[in-house]
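Heads up, upload-v1.cif below (mmCIF, C-alpha atoms and all ligand atoms):
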```cif
data_my_file
loop_
_atom_site.group_PDB
_atom_site.id
_atom_site.type_symbol
_atom_site.label_atom_id
_atom_site.label_comp_id
_atom_site.auth_asym_id
_atom_site.auth_seq_id
_atom_site.Cartn_x
_atom_site.Cartn_y
_atom_site.Cartn_z
ATOM 1 C CA MET A 1 -0.778 -9.672 -26.275
ATOM 2 C CA GLU A 2 -3.845 -10.463 -24.196
ATOM 3 C CA ALA A 3 -5.457 -7.347 -22.670
ATOM 4 C CA GLU A 4 -4.885 -6.944 -18.937
ATOM 5 C CA VAL A 5 -7.977 -6.778 -16.738
ATOM 6 C CA TYR A 6 -6.327 -4.279 -14.426
ATOM 7 C CA HIS A 7 -3.547 -1.685 -14.602
ATOM 8 C CA LYS A 8 -0.503 -3.495 -13.306
ATOM 9 C CA TYR A 9 2.080 -1.699 -11.209
ATOM 10 C CA SER A 10 4.876 -3.501 -13.099
ATOM 11 C CA ASP A 11 3.665 -1.927 -16.371
ATOM 12 C CA PHE A 12 3.284 1.457 -14.684
ATOM 13 C CA LEU A 13 6.910 1.279 -13.448
ATOM 14 C CA LYS A 14 8.237 0.095 -16.789
ATOM 15 C CA GLU A 15 6.565 2.980 -18.555
ATOM 16 C CA LYS A 16 7.773 5.491 -15.974
ATOM 17 C CA HIS A 17 11.383 4.319 -15.682
ATOM 18 C CA GLY A 18 11.830 2.808 -19.147
ATOM 19 C CA ALA A 19 12.976 -0.579 -17.817
ATOM 20 C CA LYS A 20 11.896 -3.441 -15.573
ATOM 21 C CA THR A 21 11.881 -1.911 -12.094
ATOM 22 C CA TYR A 22 11.556 -3.652 -8.735
ATOM 23 C CA LYS A 23 11.255 -2.562 -5.137
ATOM 24 C CA LEU A 24 14.033 -3.297 -2.668
ATOM 25 C CA SER A 25 12.354 -3.485 0.753
ATOM 26 C CA ILE A 26 14.240 -1.844 3.593
ATOM 27 C CA ASN A 27 13.514 -2.812 7.168
ATOM 28 C CA LEU A 28 14.368 -0.177 9.798
ATOM 29 C CA PRO A 29 14.311 -0.456 13.592
ATOM 30 C CA LEU A 30 11.453 2.042 13.987
ATOM 31 C CA THR A 31 8.159 2.368 15.789
ATOM 32 C CA CYS A 32 4.855 4.133 15.237
ATOM 33 C CA PRO A 33 2.775 6.658 17.233
ATOM 34 C CA ASN A 34 0.085 4.019 17.590
ATOM 35 C CA ARG A 35 2.555 1.750 19.393
ATOM 36 C CA ASP A 36 4.859 3.996 21.379
ATOM 37 C CA GLY A 37 2.065 5.534 23.459
ATOM 38 C CA LEU A 38 1.719 8.888 21.675
ATOM 39 C CA LEU A 39 -1.680 7.846 20.299
ATOM 40 C CA ASP A 40 -1.910 4.385 21.849
ATOM 41 C CA ASN A 41 0.356 1.509 22.771
ATOM 42 C CA ARG A 42 -1.764 -1.335 21.384
ATOM 43 C CA GLY A 43 -1.194 -0.572 17.689
ATOM 44 C CA CYS A 44 -3.759 -1.287 14.999
ATOM 45 C CA TYR A 45 -5.563 -4.438 16.062
ATOM 46 C CA TYR A 46 -4.180 -6.506 13.175
ATOM 47 C CA CYS A 47 -0.576 -5.237 13.298
ATOM 48 C CA GLY A 48 2.054 -7.799 14.322
ATOM 49 C CA GLU A 49 5.345 -6.997 16.041
ATOM 50 C CA GLU A 50 7.245 -6.723 12.765
ATOM 51 C CA ALA A 51 4.683 -4.292 11.206
ATOM 52 C CA ALA A 52 4.873 -5.753 7.666
ATOM 53 C CA GLY A 53 8.685 -5.960 7.609
ATOM 54 C CA PHE A 54 8.967 -9.648 6.718
ATOM 55 C CA GLU A 55 11.488 -9.423 3.889
ATOM 56 C CA SER A 56 14.718 -8.042 5.371
ATOM 57 C CA GLU A 57 16.636 -8.053 8.641
ATOM 58 C CA PRO A 58 16.762 -4.650 10.384
ATOM 59 C CA SER A 59 20.120 -5.654 11.870
ATOM 60 C CA GLU A 60 21.809 -5.400 8.445
ATOM 61 C CA SER A 61 22.864 -1.994 7.139
ATOM 62 C CA ILE A 62 20.526 -0.380 4.608
ATOM 63 C CA ARG A 63 23.045 -0.834 1.821
ATOM 64 C CA ASP A 64 23.538 -4.534 2.658
ATOM 65 C CA GLN A 65 19.782 -5.167 2.829
ATOM 66 C CA MET A 66 19.353 -3.532 -0.552
ATOM 67 C CA LEU A 67 22.333 -5.248 -2.196
ATOM 68 C CA ASP A 68 21.198 -8.708 -0.999
ATOM 69 C CA LEU A 69 17.738 -8.191 -2.479
ATOM 70 C CA LYS A 70 19.121 -6.542 -5.602
ATOM 71 C CA ASP A 71 21.291 -9.582 -6.396
ATOM 72 C CA HIS A 72 18.403 -11.939 -5.872
ATOM 73 C CA ILE A 73 15.882 -9.886 -7.895
ATOM 74 C CA SER A 74 18.280 -9.090 -10.759
ATOM 75 C CA ASP A 75 18.981 -12.802 -11.278
ATOM 76 C CA ARG A 76 15.425 -13.956 -10.895
ATOM 77 C CA TYR A 77 13.456 -11.270 -12.738
ATOM 78 C CA ASN A 78 16.012 -9.534 -14.986
ATOM 79 C CA ALA A 79 15.310 -6.270 -13.193
ATOM 80 C CA GLU A 80 17.365 -3.319 -14.370
ATOM 81 C CA LYS A 81 16.235 -0.472 -12.116
ATOM 82 C CA PHE A 82 15.295 -0.370 -8.457
ATOM 83 C CA ILE A 83 13.232 1.432 -5.860
ATOM 84 C CA ALA A 84 14.443 2.034 -2.308
ATOM 85 C CA TYR A 85 11.303 1.024 -0.432
ATOM 86 C CA PHE A 86 11.198 2.090 3.216
ATOM 87 C CA GLN A 87 8.365 -0.202 4.141
ATOM 88 C CA ASN A 88 8.022 -1.167 7.795
ATOM 89 C CA PHE A 89 6.393 0.715 10.668
ATOM 90 C CA THR A 90 5.946 4.464 10.076
ATOM 91 C CA THR A 91 8.964 5.689 8.164
ATOM 92 C CA THR A 92 8.210 9.394 8.542
ATOM 93 C CA TYR A 93 7.849 9.013 12.315
ATOM 94 C CA GLN A 94 11.506 9.564 13.228
ATOM 95 C CA PRO A 95 13.737 12.639 13.367
ATOM 96 C CA LEU A 96 13.935 14.115 9.879
ATOM 97 C CA SER A 97 17.752 14.170 9.992
ATOM 98 C CA GLN A 98 17.767 10.414 10.664
ATOM 99 C CA LEU A 99 15.520 9.647 7.699
ATOM 100 C CA GLN A 100 17.571 11.987 5.508
ATOM 101 C CA ASP A 101 20.655 10.002 6.482
ATOM 102 C CA TYR A 102 18.923 6.689 5.644
ATOM 103 C CA VAL A 103 17.795 8.030 2.271
ATOM 104 C CA LYS A 104 21.324 9.225 1.466
ATOM 105 C CA LYS A 105 22.631 5.714 2.187
ATOM 106 C CA ALA A 106 19.938 4.120 0.015
ATOM 107 C CA LEU A 107 20.920 6.390 -2.862
ATOM 108 C CA THR A 108 24.477 4.993 -2.826
ATOM 109 C CA VAL A 109 23.087 1.779 -4.366
ATOM 110 C CA GLU A 110 23.501 1.862 -8.128
ATOM 111 C CA GLU A 111 20.441 1.865 -10.431
ATOM 112 C CA VAL A 112 18.106 3.212 -7.736
ATOM 113 C CA VAL A 113 15.617 5.502 -9.532
ATOM 114 C CA GLU A 114 12.948 6.067 -6.903
ATOM 115 C CA VAL A 115 12.459 6.335 -3.138
ATOM 116 C CA VAL A 116 9.170 5.152 -1.630
ATOM 117 C CA LEU A 117 8.272 5.981 1.970
ATOM 118 C CA SER A 118 5.532 4.011 3.671
ATOM 119 C CA THR A 119 3.723 5.812 6.472
ATOM 120 C CA ARG A 120 0.551 6.730 8.358
ATOM 121 C CA PRO A 121 -1.564 9.603 7.004
ATOM 122 C CA ASP A 122 -1.120 11.563 10.254
ATOM 123 C CA CYS A 123 2.700 11.526 9.961
ATOM 124 C CA VAL A 124 3.001 13.711 6.868
ATOM 125 C CA SER A 125 3.880 17.423 6.970
ATOM 126 C CA ASP A 126 5.222 20.099 4.607
ATOM 127 C CA GLU A 127 8.398 20.494 6.626
ATOM 128 C CA TYR A 128 9.136 16.785 6.610
ATOM 129 C CA LEU A 129 8.483 16.171 2.925
ATOM 130 C CA GLN A 130 10.475 19.250 1.968
ATOM 131 C CA GLY A 131 13.411 17.880 3.984
ATOM 132 C CA VAL A 132 13.302 14.505 2.207
ATOM 133 C CA LYS A 133 12.980 16.190 -1.159
ATOM 134 C CA GLN A 134 16.066 18.316 -0.488
ATOM 135 C CA VAL A 135 18.196 15.202 0.061
ATOM 136 C CA VAL A 136 16.896 13.536 -3.082
ATOM 137 C CA ASN A 137 17.370 16.689 -5.170
ATOM 138 C CA SER A 138 20.983 16.965 -4.030
ATOM 139 C CA SER A 139 21.725 13.576 -5.635
ATOM 140 C CA ASN A 140 23.293 13.649 -9.106
ATOM 141 C CA ASP A 141 20.649 11.366 -10.565
ATOM 142 C CA LYS A 142 16.995 12.004 -11.263
ATOM 143 C CA ILE A 143 15.154 10.227 -8.450
ATOM 144 C CA ASP A 144 11.367 9.998 -8.142
ATOM 145 C CA LEU A 145 9.654 10.221 -4.772
ATOM 146 C CA SER A 146 6.517 8.404 -3.631
ATOM 147 C CA LEU A 147 4.572 8.138 -0.437
ATOM 148 C CA GLU A 148 2.548 5.028 0.416
ATOM 149 C CA LEU A 149 -0.179 5.790 2.912
ATOM 150 C CA GLY A 150 -1.929 3.218 5.039
ATOM 151 C CA LEU A 151 -5.612 4.100 4.761
ATOM 152 C CA GLN A 152 -7.130 0.583 5.010
ATOM 153 C CA SER A 153 -10.736 1.844 4.794
ATOM 154 C CA VAL A 154 -12.511 5.135 4.189
ATOM 155 C CA ASN A 155 -15.126 4.212 6.806
ATOM 156 C CA TYR A 156 -14.651 6.108 10.079
ATOM 157 C CA HIS A 157 -16.308 3.376 12.166
ATOM 158 C CA THR A 158 -14.194 0.620 10.618
ATOM 159 C CA LEU A 159 -11.005 2.576 11.283
ATOM 160 C CA LYS A 160 -12.099 3.074 14.874
ATOM 161 C CA LYS A 161 -12.908 -0.610 15.291
ATOM 162 C CA ALA A 162 -9.408 -1.518 14.017
ATOM 163 C CA ASN A 163 -7.842 1.090 16.353
ATOM 164 C CA ARG A 164 -6.215 2.906 13.454
ATOM 165 C CA ARG A 165 -6.501 6.222 15.311
ATOM 166 C CA HIS A 166 -6.677 8.374 12.211
ATOM 167 C CA THR A 167 -9.560 9.261 9.930
ATOM 168 C CA LEU A 168 -10.224 9.828 6.244
ATOM 169 C CA ALA A 169 -9.564 13.542 6.790
ATOM 170 C CA HIS A 170 -5.940 12.801 7.742
ATOM 171 C CA PHE A 171 -5.574 10.776 4.554
ATOM 172 C CA ILE A 172 -6.999 13.540 2.335
ATOM 173 C CA ASP A 173 -4.691 16.073 3.983
ATOM 174 C CA ALA A 174 -1.655 13.797 3.489
ATOM 175 C CA VAL A 175 -2.507 13.238 -0.196
ATOM 176 C CA LYS A 176 -2.774 16.997 -0.807
ATOM 177 C CA THR A 177 0.486 17.679 1.038
ATOM 178 C CA ALA A 178 2.366 14.929 -0.795
ATOM 179 C CA LYS A 179 1.111 16.060 -4.207
ATOM 180 C CA ASN A 180 2.117 19.663 -3.444
ATOM 181 C CA TRP A 181 5.694 18.490 -2.927
ATOM 182 C CA GLY A 182 5.699 16.417 -6.113
ATOM 183 C CA PHE A 183 5.445 12.991 -4.473
ATOM 184 C CA GLU A 184 3.418 10.287 -6.152
ATOM 185 C CA VAL A 185 0.865 8.787 -3.774
ATOM 186 C CA GLY A 186 -0.103 5.187 -3.133
ATOM 187 C CA ALA A 187 -2.790 3.912 -0.755
ATOM 188 C CA HIS A 188 -3.012 0.622 1.103
ATOM 189 C CA LEU A 189 -6.449 -0.857 1.699
ATOM 190 C CA ILE A 190 -7.706 -3.947 3.516
ATOM 191 C CA LEU A 191 -10.928 -4.834 1.713
ATOM 192 C CA ASN A 192 -12.300 -7.130 4.417
ATOM 193 C CA LEU A 193 -11.810 -5.305 7.701
ATOM 194 C CA PRO A 194 -14.520 -6.198 10.240
ATOM 195 C CA GLY A 195 -17.453 -3.823 9.817
ATOM 196 C CA ASP A 196 -16.884 -2.982 6.152
ATOM 197 C CA ASN A 197 -19.282 -4.152 3.470
ATOM 198 C CA ILE A 198 -19.545 -3.855 -0.297
ATOM 199 C CA VAL A 199 -20.769 -0.240 -0.025
ATOM 200 C CA ASP A 200 -17.493 0.682 1.701
ATOM 201 C CA VAL A 201 -15.537 -1.180 -0.963
ATOM 202 C CA LYS A 202 -17.126 0.950 -3.706
ATOM 203 C CA GLU A 203 -16.595 4.142 -1.704
ATOM 204 C CA ASN A 204 -12.913 3.246 -1.217
ATOM 205 C CA ALA A 205 -12.532 3.132 -5.005
ATOM 206 C CA ARG A 206 -14.514 6.324 -5.553
ATOM 207 C CA ILE A 207 -12.518 8.346 -3.039
ATOM 208 C CA LEU A 208 -9.106 7.173 -4.284
ATOM 209 C CA SER A 209 -10.209 7.940 -7.847
ATOM 210 C CA ALA A 210 -11.539 11.395 -6.941
ATOM 211 C CA LEU A 211 -8.249 12.185 -5.191
ATOM 212 C CA GLU A 212 -6.295 11.061 -8.283
ATOM 213 C CA ILE A 213 -3.879 8.921 -6.360
ATOM 214 C CA ASP A 214 -1.298 7.040 -8.417
ATOM 215 C CA THR A 215 -1.194 3.502 -7.029
ATOM 216 C CA VAL A 216 -3.096 1.220 -4.698
ATOM 217 C CA LYS A 217 -2.132 -1.946 -2.842
ATOM 218 C CA LEU A 218 -4.876 -4.288 -1.657
ATOM 219 C CA HIS A 219 -4.633 -6.682 1.267
ATOM 220 C CA ALA A 220 -6.839 -9.413 2.643
ATOM 221 C CA LEU A 221 -6.856 -9.254 6.428
ATOM 222 C CA TYR A 222 -4.340 -11.647 7.976
ATOM 223 C CA LEU A 223 -3.992 -12.218 11.682
ATOM 224 C CA ARG A 224 -0.614 -12.376 13.392
ATOM 225 C CA GLU A 225 -0.324 -14.083 16.754
ATOM 226 C CA GLY A 226 -0.630 -11.790 19.740
ATOM 227 C CA THR A 227 -2.796 -9.164 18.020
ATOM 228 C CA GLU A 228 -6.189 -8.092 19.320
ATOM 229 C CA PHE A 229 -7.957 -9.249 16.155
ATOM 230 C CA ALA A 230 -6.254 -12.676 16.434
ATOM 231 C CA ARG A 231 -7.532 -12.951 20.006
ATOM 232 C CA LEU A 232 -11.073 -12.015 18.972
ATOM 233 C CA PHE A 233 -10.921 -14.479 16.053
ATOM 234 C CA GLN A 234 -9.766 -17.315 18.312
ATOM 235 C CA GLU A 235 -12.552 -16.520 20.760
ATOM 236 C CA GLY A 236 -15.132 -16.600 17.963
ATOM 237 C CA GLU A 237 -15.875 -12.880 18.210
ATOM 238 C CA LEU A 238 -14.449 -11.873 14.844
ATOM 239 C CA GLU A 239 -15.498 -13.336 11.534
ATOM 240 C CA ILE A 240 -13.569 -13.158 8.306
ATOM 241 C CA ILE A 241 -15.596 -13.151 5.092
ATOM 242 C CA SER A 242 -15.173 -16.114 2.743
ATOM 243 C CA GLN A 243 -12.553 -16.208 0.008
ATOM 244 C CA GLU A 244 -15.334 -16.008 -2.615
ATOM 245 C CA LYS A 245 -16.669 -12.818 -1.033
ATOM 246 C CA TYR A 246 -13.166 -11.347 -0.906
ATOM 247 C CA ILE A 247 -12.745 -12.080 -4.616
ATOM 248 C CA ASP A 248 -16.072 -10.345 -5.293
ATOM 249 C CA ARG A 249 -14.942 -7.324 -3.311
ATOM 250 C CA VAL A 250 -11.673 -7.037 -5.233
ATOM 251 C CA ILE A 251 -13.510 -7.214 -8.554
ATOM 252 C CA THR A 252 -16.076 -4.623 -7.468
ATOM 253 C CA PHE A 253 -13.303 -2.347 -6.184
ATOM 254 C CA LEU A 254 -11.438 -2.580 -9.500
ATOM 255 C CA GLU A 255 -14.589 -1.919 -11.518
ATOM 256 C CA PHE A 256 -15.111 1.373 -9.687
ATOM 257 C CA LEU A 257 -11.447 2.392 -9.717
ATOM 258 C CA ASP A 258 -10.066 4.923 -12.213
ATOM 259 C CA PRO A 259 -8.218 2.823 -14.824
ATOM 260 C CA GLN A 260 -5.261 5.241 -14.613
ATOM 261 C CA ILE A 261 -4.476 4.113 -11.060
ATOM 262 C CA ALA A 262 -1.867 1.345 -10.998
ATOM 263 C CA VAL A 263 -2.589 -1.645 -8.781
ATOM 264 C CA GLN A 264 0.354 -3.046 -6.844
ATOM 265 C CA ARG A 265 -1.296 -6.162 -5.405
ATOM 266 C CA LEU A 266 -4.700 -7.800 -5.186
ATOM 267 C CA LEU A 267 -3.865 -9.339 -1.826
ATOM 268 C CA GLY A 268 -0.872 -9.457 0.471
ATOM 269 C CA ARG A 269 0.858 -12.304 2.211
ATOM 270 C CA ALA A 270 2.364 -13.135 5.586
ATOM 271 C CA PRO A 271 4.390 -16.098 6.849
ATOM 272 C CA ASP A 272 2.260 -19.005 8.126
ATOM 273 C CA GLU A 273 4.572 -19.200 11.101
ATOM 274 C CA GLY A 274 3.365 -16.807 13.753
ATOM 275 C CA SER A 275 0.017 -16.290 12.008
ATOM 276 C CA VAL A 276 -3.436 -17.367 13.115
ATOM 277 C CA PHE A 277 -5.060 -16.752 9.732
ATOM 278 C CA VAL A 278 -3.534 -15.994 6.313
ATOM 279 C CA ASN A 279 -5.423 -15.947 3.009
ATOM 280 C CA TRP A 280 -7.783 -18.832 3.837
ATOM 281 C CA GLY A 281 -4.800 -21.190 3.969
ATOM 282 C CA GLN A 282 -4.145 -20.730 0.239
ATOM 283 C CA ASP A 283 -1.184 -19.483 -1.717
ATOM 284 C CA ASN A 284 -1.748 -15.804 -2.541
ATOM 285 C CA ARG A 285 -0.799 -16.453 -6.195
ATOM 286 C CA GLN A 286 -3.622 -18.976 -6.528
ATOM 287 C CA ILE A 287 -6.169 -16.512 -5.199
ATOM 288 C CA HIS A 288 -4.732 -13.870 -7.531
ATOM 289 C CA GLN A 289 -5.277 -16.226 -10.469
ATOM 290 C CA GLN A 290 -8.840 -16.928 -9.359
ATOM 291 C CA ILE A 291 -9.572 -13.190 -9.355
ATOM 292 C CA ILE A 292 -8.210 -12.785 -12.887
ATOM 293 C CA ARG A 293 -10.172 -15.830 -14.116
ATOM 294 C CA GLN A 294 -13.378 -14.499 -12.564
ATOM 295 C CA MET A 295 -12.879 -11.077 -14.144
ATOM 296 C CA LYS A 296 -12.409 -12.625 -17.571
ATOM 297 C CA LYS A 297 -15.426 -14.851 -17.072
ATOM 298 C CA ARG A 298 -17.550 -11.848 -16.111
ATOM 299 C CA ASN A 299 -16.084 -9.899 -19.038
ATOM 300 C CA THR A 300 -15.134 -7.041 -16.749
ATOM 301 C CA CYS A 301 -12.055 -4.919 -16.053
ATOM 302 C CA GLN A 302 -10.721 -2.083 -13.930
ATOM 303 C CA GLY A 303 -12.674 1.127 -14.504
ATOM 304 C CA ARG A 304 -15.754 -0.481 -16.062
ATOM 305 C CA LYS A 305 -17.944 1.458 -13.602
ATOM 306 C CA PHE A 306 -15.734 4.543 -13.370
ATOM 307 C CA ASN A 307 -18.390 6.965 -14.566
ATOM 308 C CA TYR A 308 -19.318 8.889 -11.443
ATOM 309 C CA LEU A 309 -16.977 11.941 -11.421
ATOM 310 C CA GLN A 310 -17.053 15.258 -13.304
ATOM 311 C CA GLY A 311 -20.770 15.946 -12.895
ATOM 312 C CA SER A 312 -22.028 12.509 -13.799
ATOM 313 C CA CYS A 313 -25.638 13.801 -13.917
ATOM 314 C CA LEU A 314 -24.654 16.243 -16.649
ATOM 315 C CA GLN A 315 -23.868 13.372 -18.971
ATOM 316 C CA LYS A 316 -27.522 13.205 -20.004
ATOM 317 C CA PHE A 317 -27.293 16.679 -21.572
ATOM 318 C CA ALA A 318 -24.092 15.771 -23.390
ATOM 319 C CA GLU A 319 -25.879 12.784 -24.915
ATOM 320 C CA GLU A 320 -28.786 14.896 -26.261
HETATM 321 S S1 LIG B 401 0.080 2.373 11.864
HETATM 322 FE FE1 LIG B 401 1.176 0.710 10.856
HETATM 323 S S2 LIG B 401 2.945 0.240 12.162
HETATM 324 FE FE2 LIG B 401 1.517 1.489 13.370
HETATM 325 S S3 LIG B 401 0.315 -0.007 14.516
HETATM 326 FE FE3 LIG B 401 -0.831 0.494 12.644
HETATM 327 S S4 LIG B 401 -0.226 -1.026 11.095
HETATM 328 FE FE4 LIG B 401 1.275 -1.107 12.811
#
```
What would you get if you wrote out this structure as structure tokens?
Amino acid sequence: MEAEVYHKYSDFLKEKHGAKTYKLSINLPLTCPNRDGLLDNRGCYYCGEEAAGFESEPSESIRDQMLDLKDHISDRYNAEKFIAYFQNFTTTYQPLSQLQDYVKKALTVEEVVEVVLSTRPDCVSDEYLQGVKQVVNSSNDKIDLSLELGLQSVNYHTLKKANRRHTLAHFIDAVKTAKNWGFEVGAHLILNLPGDNIVDVKENARILSALEIDTVKLHALYLREGTEFARLFQEGELEIISQEKYIDRVITFLEFLDPQIAVQRLLGRAPDEGSVFVNWGQDNRQIHQQIIRQMKKRNTCQGRKFNYLQGSCLQKFAEE
């Protein structure tokens, strides 16, 4: 089999669960402290009304949402095991008892082997994670737990410019807390937020590697109608880097990333309807293919430049 140029999440899941495993996205009627006025009411400047919940209808019950997707995915991809993926808004920003109830319902779906909670780094606490873990531990089956944290960039100024209203410190704290409770940790990054450059891209990879996170999901910035970034873009005050530069950034990021970290996506997607800009008007799979082709052409792979931890300056003595 041809060697992979990056560590694919599908392989990571297959190794972990011993079978083809897919996420079942759950869409809940939630909000976020950056939208309800606790921190702000404008949200992150790229976040649309549905906050990434494009795949299911929040009006359906959790079990129905999961069963619909499960049928579809089982037929199409021969999936055997499944992940209950609480993906939209900030899933740990609700009363703990409510989330516990949702998780219990998700665990009634057969062949679910993992629960993934997607959230902001400033909505993670010992008390909360302990409460979720208790529910999962009370199930008869062995269920893994993961937290996916929206970081987007390690650069303080970029986060401020995007109105994220948290910093890298919140992310580091959330990673430590999650690991203490036995959760795996994933990070979401947008590699082309306004203000970031290639130096930030490398530092993103270095920090995630140093923190030994488990998975990462990359996004190219897309602009949903009605967002502040869409307004700035339409008024010519926000530029988006070219597709070629985005591809370069992804490759550089992967080169600096620990090869142990599994990569969920090289770029995201959003419906054209209701969007002002999505992936340079191209199918995300085509751009994905271009990235892989470029990596092969450059004879590079994930982790090729992962040589900067564990006292990198001491390597010269080891070589003597
Ligand atoms: S934290 Fe997430 S849900 Fe909240 S405004 Fe930002 S992107 Fe949207």
Within 10 Å of ligand LIG 401 (chain B), which residues show up when you count all atoms listed in the file? List them as an mmCIF file with C-alpha atoms, in the coordinates of the input, please.
```cif
data_model
loop_
_atom_site.group_PDB
_atom_site.id
_atom_site.type_symbol
_atom_site.label_atom_id
_atom_site.label_comp_id
_atom_site.auth_asym_id
_atom_site.auth_seq_id
_atom_site.Cartn_x
_atom_site.Cartn_y
_atom_site.Cartn_z
ATOM 1 C CA LEU A 30 11.453 2.042 13.987
ATOM 2 C CA THR A 31 8.159 2.368 15.789
ATOM 3 C CA CYS A 32 4.855 4.133 15.237
ATOM 4 C CA PRO A 33 2.775 6.658 17.233
ATOM 5 C CA ASN A 34 0.085 4.019 17.590
ATOM 6 C CA ARG A 35 2.555 1.750 19.393
ATOM 7 C CA ASP A 36 4.859 3.996 21.379
ATOM 8 C CA LEU A 39 -1.680 7.846 20.299
ATOM 9 C CA ASP A 40 -1.910 4.385 21.849
ATOM 10 C CA ASN A 41 0.356 1.509 22.771
ATOM 11 C CA ARG A 42 -1.764 -1.335 21.384
ATOM 12 C CA GLY A 43 -1.194 -0.572 17.689
ATOM 13 C CA CYS A 44 -3.759 -1.287 14.999
ATOM 14 C CA TYR A 45 -5.563 -4.438 16.062
ATOM 15 C CA TYR A 46 -4.180 -6.506 13.175
ATOM 16 C CA CYS A 47 -0.576 -5.237 13.298
ATOM 17 C CA GLY A 48 2.054 -7.799 14.322
ATOM 18 C CA GLU A 49 5.345 -6.997 16.041
ATOM 19 C CA GLU A 50 7.245 -6.723 12.765
ATOM 20 C CA ALA A 51 4.683 -4.292 11.206
ATOM 21 C CA ALA A 52 4.873 -5.753 7.666
ATOM 22 C CA GLY A 53 8.685 -5.960 7.609
ATOM 23 C CA GLN A 87 8.365 -0.202 4.141
ATOM 24 C CA ASN A 88 8.022 -1.167 7.795
ATOM 25 C CA PHE A 89 6.393 0.715 10.668
ATOM 26 C CA THR A 90 5.946 4.464 10.076
ATOM 27 C CA THR A 91 8.964 5.689 8.164
ATOM 28 C CA TYR A 93 7.849 9.013 12.315
ATOM 29 C CA SER A 118 5.532 4.011 3.671
ATOM 30 C CA THR A 119 3.723 5.812 6.472
ATOM 31 C CA ARG A 120 0.551 6.730 8.358
ATOM 32 C CA PRO A 121 -1.564 9.603 7.004
ATOM 33 C CA ASP A 122 -1.120 11.563 10.254
ATOM 34 C CA CYS A 123 2.700 11.526 9.961
ATOM 35 C CA LEU A 149 -0.179 5.790 2.912
ATOM 36 C CA GLY A 150 -1.929 3.218 5.039
ATOM 37 C CA LEU A 151 -5.612 4.100 4.761
ATOM 38 C CA GLN A 152 -7.130 0.583 5.010
ATOM 39 C CA ALA A 162 -9.408 -1.518 14.017
ATOM 40 C CA ASN A 163 -7.842 1.090 16.353
ATOM 41 C CA ARG A 164 -6.215 2.906 13.454
ATOM 42 C CA ARG A 165 -6.501 6.222 15.311
ATOM 43 C CA HIS A 166 -6.677 8.374 12.211
#
```
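Atom CA of A:Phe82 is positioned 5.9 Å from atom CA of A:Glu111.
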> Contacts of stretch 241-245 of chain A at 9 Å or less, counting all atoms listed in the file, minus same-chain residues fewer than 3 places along, as a ChimeraX atom specification?
Replying inline: /A:192,194,248-250,279-280,287
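Taking atom CA of A:Leu218 and atom CA of A:Leu257 as the two end points, the separation is 12.4 Å.
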List every protein, DNA or RNA residue that has at least one atom no more than 10 Å from (15.0, -7.0, -15.3) in the file's coordinates, counting only C-alpha atoms, and write the result as an mmCIF file with C-alpha atoms, in the coordinates of the input.
```cif
data_model
loop_
_atom_site.group_PDB
_atom_site.id
_atom_site.type_symbol
_atom_site.label_atom_id
_atom_site.label_comp_id
_atom_site.auth_asym_id
_atom_site.auth_seq_id
_atom_site.Cartn_x
_atom_site.Cartn_y
_atom_site.Cartn_z
ATOM 1 C CA LYS A 14 8.237 0.095 -16.789
ATOM 2 C CA ALA A 19 12.976 -0.579 -17.817
ATOM 3 C CA LYS A 20 11.896 -3.441 -15.573
ATOM 4 C CA THR A 21 11.881 -1.911 -12.094
ATOM 5 C CA TYR A 22 11.556 -3.652 -8.735
ATOM 6 C CA ILE A 73 15.882 -9.886 -7.895
ATOM 7 C CA SER A 74 18.280 -9.090 -10.759
ATOM 8 C CA ASP A 75 18.981 -12.802 -11.278
ATOM 9 C CA ARG A 76 15.425 -13.956 -10.895
ATOM 10 C CA TYR A 77 13.456 -11.270 -12.738
ATOM 11 C CA ASN A 78 16.012 -9.534 -14.986
ATOM 12 C CA ALA A 79 15.310 -6.270 -13.193
ATOM 13 C CA GLU A 80 17.365 -3.319 -14.370
ATOM 14 C CA LYS A 81 16.235 -0.472 -12.116
ATOM 15 C CA PHE A 82 15.295 -0.370 -8.457
#
```
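The space separating atom CA of A:Ala220 from atom CA of A:Gln65 comes to 27.0 Å.
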>> Within 10 Å of (-8.9, 5.4, -6.6) in the file's own coordinates, which protein, DNA or RNA residues have an atom, counting all atoms listed in the file? List them as a PyMOL selection string.
In response: chain A and resi 186-187+202-216+253-254+256-263+303+306
>> Counting all atoms listed in the file, which residue out of A:Lys161, A:His288, A:Lys23, A:Arg63 sits closest to A:Val113?
In response: A:Lys23
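When all atoms listed in the file are used to compute distances to A:Arg231, the closest of the residues A:Ser138, A:Ser10, A:Gln289, A:Ser275 turns out to be A:Ser275.
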Axis-aligned box for stretch 123-140 of chain A, 4 Å per side, centre and edges in Å as lines of an AutoDock Vina configuration file:
```
center_x = 13.0
center_y = 16.0
center_z = 0.4
size_x = 28.6
size_y = 17.0
size_z = 27.1
```
>> Under the PyMOL selection byres (((chain A and resi 100) around 9) and not hetatm), which residues of this model are included? Write them out as a list in words.
In response: Pro95, Leu96, Ser97, Gln98, Leu99, Asp101, Tyr102, Val103, Lys104, Lys105, Gly131, Val132, Gln134, Val135 and Val136 of chain A
> Pick the closest to A:Met295 from A:Leu28, A:Ala3, A:Tyr308, A:Leu67: which is it, counting all atoms listed in the file?
Replying inline: A:Ala3
> If the PyMOL selection byres (((chain A and resi 85) around 6) and not hetatm) is run on the structure shown, which residues does it catch, given as a VMD selection string?
Replying inline: chain A and resid 23 to 26 83 to 84 86 to 87 116
